[in-house]
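Peer 1: For reference, the structure I am asking about is given below.
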Amino acid sequence: MHFRVKHISIFITILGINLILGQGYFSTFFPVNNFSMDARAMAMGGADFGSVENPAVGSFGKPLYVSFDISRRSYTEKRSFPVIDMFDDVVTQNVYVLNRPAFSSVSWAFGNDLTKYLKLPISLSISGAPFWDMRYEYSEEVRASLGPGVYNRDPVVGYHLVNIEGMIQSIKLGIATKIGSKVRIGLSLESLYENDLSYESGVNVIDQDDALAADTTMMHNISLSIDGAVRPSMESIIDLKKHLSLGLSYKPSADIVFQTGGLVPIVDEKTQLPGLSFSDSTSRYTISLPQELALSMSARLDNPTKTKVTGRLSYLDWENHDTQTVNHASIDTVDFKYQSTIGLSFGVEHWILNKTPFRFGFIYSESPLGSEFEITKVSIGSGWVYDNISVDIAAIFGSLEYMYTDLFVPEGQNSSALERVNESNAVLKATIKYSF
């Protein structure tokens, strides 16, 4: 078993480094790549509903436990523009910037079935995890184009930089009860708070050059914070048969109010996609998270090898939550024309020789930004148990490509052509769980 787990771990690590899901730049505008579930559920495409929304619902009959998740999110972002020949044909795409940052995060959970203590069917869970990871790094090395006779014809003359720090964290309290022997109902309250949010963007000039977006070094350093927000959710599980269950979860909409030192959301004129602008005074804007409805299924197959199959269908009402209220100089609204989205996930847990679990899953996600941003992700993972300790590992990856404007237009120029952006992301996660 140790041999198999070791090689599966190496395989997952290789996949996580080389294969890739996206929307890193747009993480400022709404939550993306939000895999707050444990590694077991993530390996199964996030479709294991007993541990995704409210772990208390799935804790009945299980001992007291405490768990910790360690996540590593890395992404690759390539930006390129077309090279045109004399016949106005595209010869190739010239990649002018390539970024590969990585970020770590930690989450935790605690839960227990209190039935034997309270003489009532009550289960409780408390967890803390990143809700909205805004961290993003962009570094563009700008070089001059000098004439013949110069030894170094393309020296570095400066950098175009974007650095977003911080996360919106979540503390969630879940409680669940039973109705009869086949129905479990849970309620959770999620409190959201920020953790050192900041936005930095600008030009670092080494030598003046027309390729730079400014003549002198100019950086915007803007602090962000949010007003405290609490979001409830409900979840129920119905056991239709011994090995077949259905789950239903609901989250109402919630508003997150951002207080900033001068950051203003806008709609990019060329692409009609979200963008950002800067002001000399403080500003405030409100992002409305949509209501979410999800239907899940879990089944254990009747065969000699232990196998579990899960599925999940979710709907997010982005269409009715695409307007942001901006309070800057005068109250205004920004309409991003989001579309409502559907997500579909599927997962399998198959026990090899009934000793080692092999888990995999698929996730299809629509995007509120439109069909160009639809993405299919693949997940994989495994785990092992030693006495009261269990360790699960997982990786999830995909890729995305879209057209967007140049983030830094050289001074005196008008960038009319869109550039190609290839964003990719890999998330690795390990969950350590101890049951008392």
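Ordering of the structure tokens sets the chain letters (A, B, ...), residue numbers begin anew at 1 in every chain, and ligands are numbered from 1 in the order given.
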Just the strand (DSSP E) stuff from region 172-277 of chain A, please, per backbone DSSP, written as a ChimeraX atom specification.
Peer 2: /A:172-179,183-205,218-226,229-241,244-251,254-260,263-267,274-277
Peer 1: Residues near region 39-47 of chain A, anyone? I mean within 8 Å using only C-alpha atoms, not counting same-chain ones fewer than 4 positions away, as number ranges by chain.
Peer 2: A: 35, 51-52, 69, 296, 310-312, 345-349, 359-363, 378-383, 392-396, 429-431
Peer 1: For Asp302 (chain A), list every protein, DNA or RNA residue within 9 Å, evaluated using only C-alpha atoms, and leave out those in the same chain fewer than 4 positions away; present the list as a count of residues only.
Peer 2: 3
Peer 1: Tell me which of A:Tyr117, A:Phe278, A:Tyr434, A:Tyr404 sits closest to Gly202 (chain A), counting only C-alpha atoms.
Peer 2: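 Looking at the shortest contact to Gly202 (chain A), the residue is A:Phe278.
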Peer 1: Could you check which of A:Ser288, A:Thr216, A:Ser225, A:Ser233 is closest to Val157 (chain A), using only C-alpha atoms?
Peer 2: A:Thr216
Peer 1: Neighbouring residues of Arg79 (chain A) were defined as those with any atom within 8 Å, considering only C-alpha atoms; residues of the same chain fewer than 3 positions away were excluded. Please report them as number ranges by chain.
Peer 2: A: 95-98, 419-422
Peer 1: Taking only C-alpha atoms into account, name the residue in A:Ala299, A:Leu240, A:Leu64, A:Ile206 that is nearest to Arg184 (chain A).
Peer 2: A:Leu240
Peer 1: Within 9 Å of Ser105 (chain A), counting only C-alpha atoms, which residues show up once you throw out same-chain ones fewer than 3 positions away? Write them as number ranges by chain, please.
Peer 2: A: 69-73, 129-130
Peer 1: Here is a test: counting only C-alpha atoms, which residue of A:Glu165, A:Asp154, A:Glu77, A:Glu194 is nearest to Ile226 (chain A)?
Peer 2: A:Glu194
Peer 1: Excluding Ser223 (chain A) and any residue of its chain fewer than 3 positions from it, enumerate the residues within 8 Å of it, using only C-alpha atoms, and give them as a PyMOL selection string.
Peer 2: chain A and resi 197-199+260-261
Peer 1: To one decimal place, how far is CA of Gly186 (chain A) from CA of Val57 (chain A) in Å?
Peer 2: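 Separation between CA of Gly186 (chain A) and CA of Val57 (chain A): 5.7 Å.
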Peer 1: Choose the residue, out of A:Met218, A:Ala294, A:Leu369, A:Ala417, that has the smallest atom-to-atom separation from Ser249 (chain A); count only C-alpha atoms.
Peer 2: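 Using only C-alpha atoms, the shortest distance to Ser249 (chain A) belongs to A:Ala294.
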Peer 1: Return the single residue from A:Asp255, A:Asp280, A:Val385, A:Gln272 that is closest to Gln324 (chain A), with distances computed using only C-alpha atoms.
Peer 2: A:Asp255
Peer 1: Could you please determine the separation between CA of Ile238 (chain A) and CA of Val183 (chain A) in Å, to one decimal place?
Peer 2: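 Between these atoms lies a distance of 4.7 Å.
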Peer 1: In Å, with one decimal, what is the gap from CA of Thr217 (chain A) to CA of Met134 (chain A)?
Peer 2: 25.0 Å
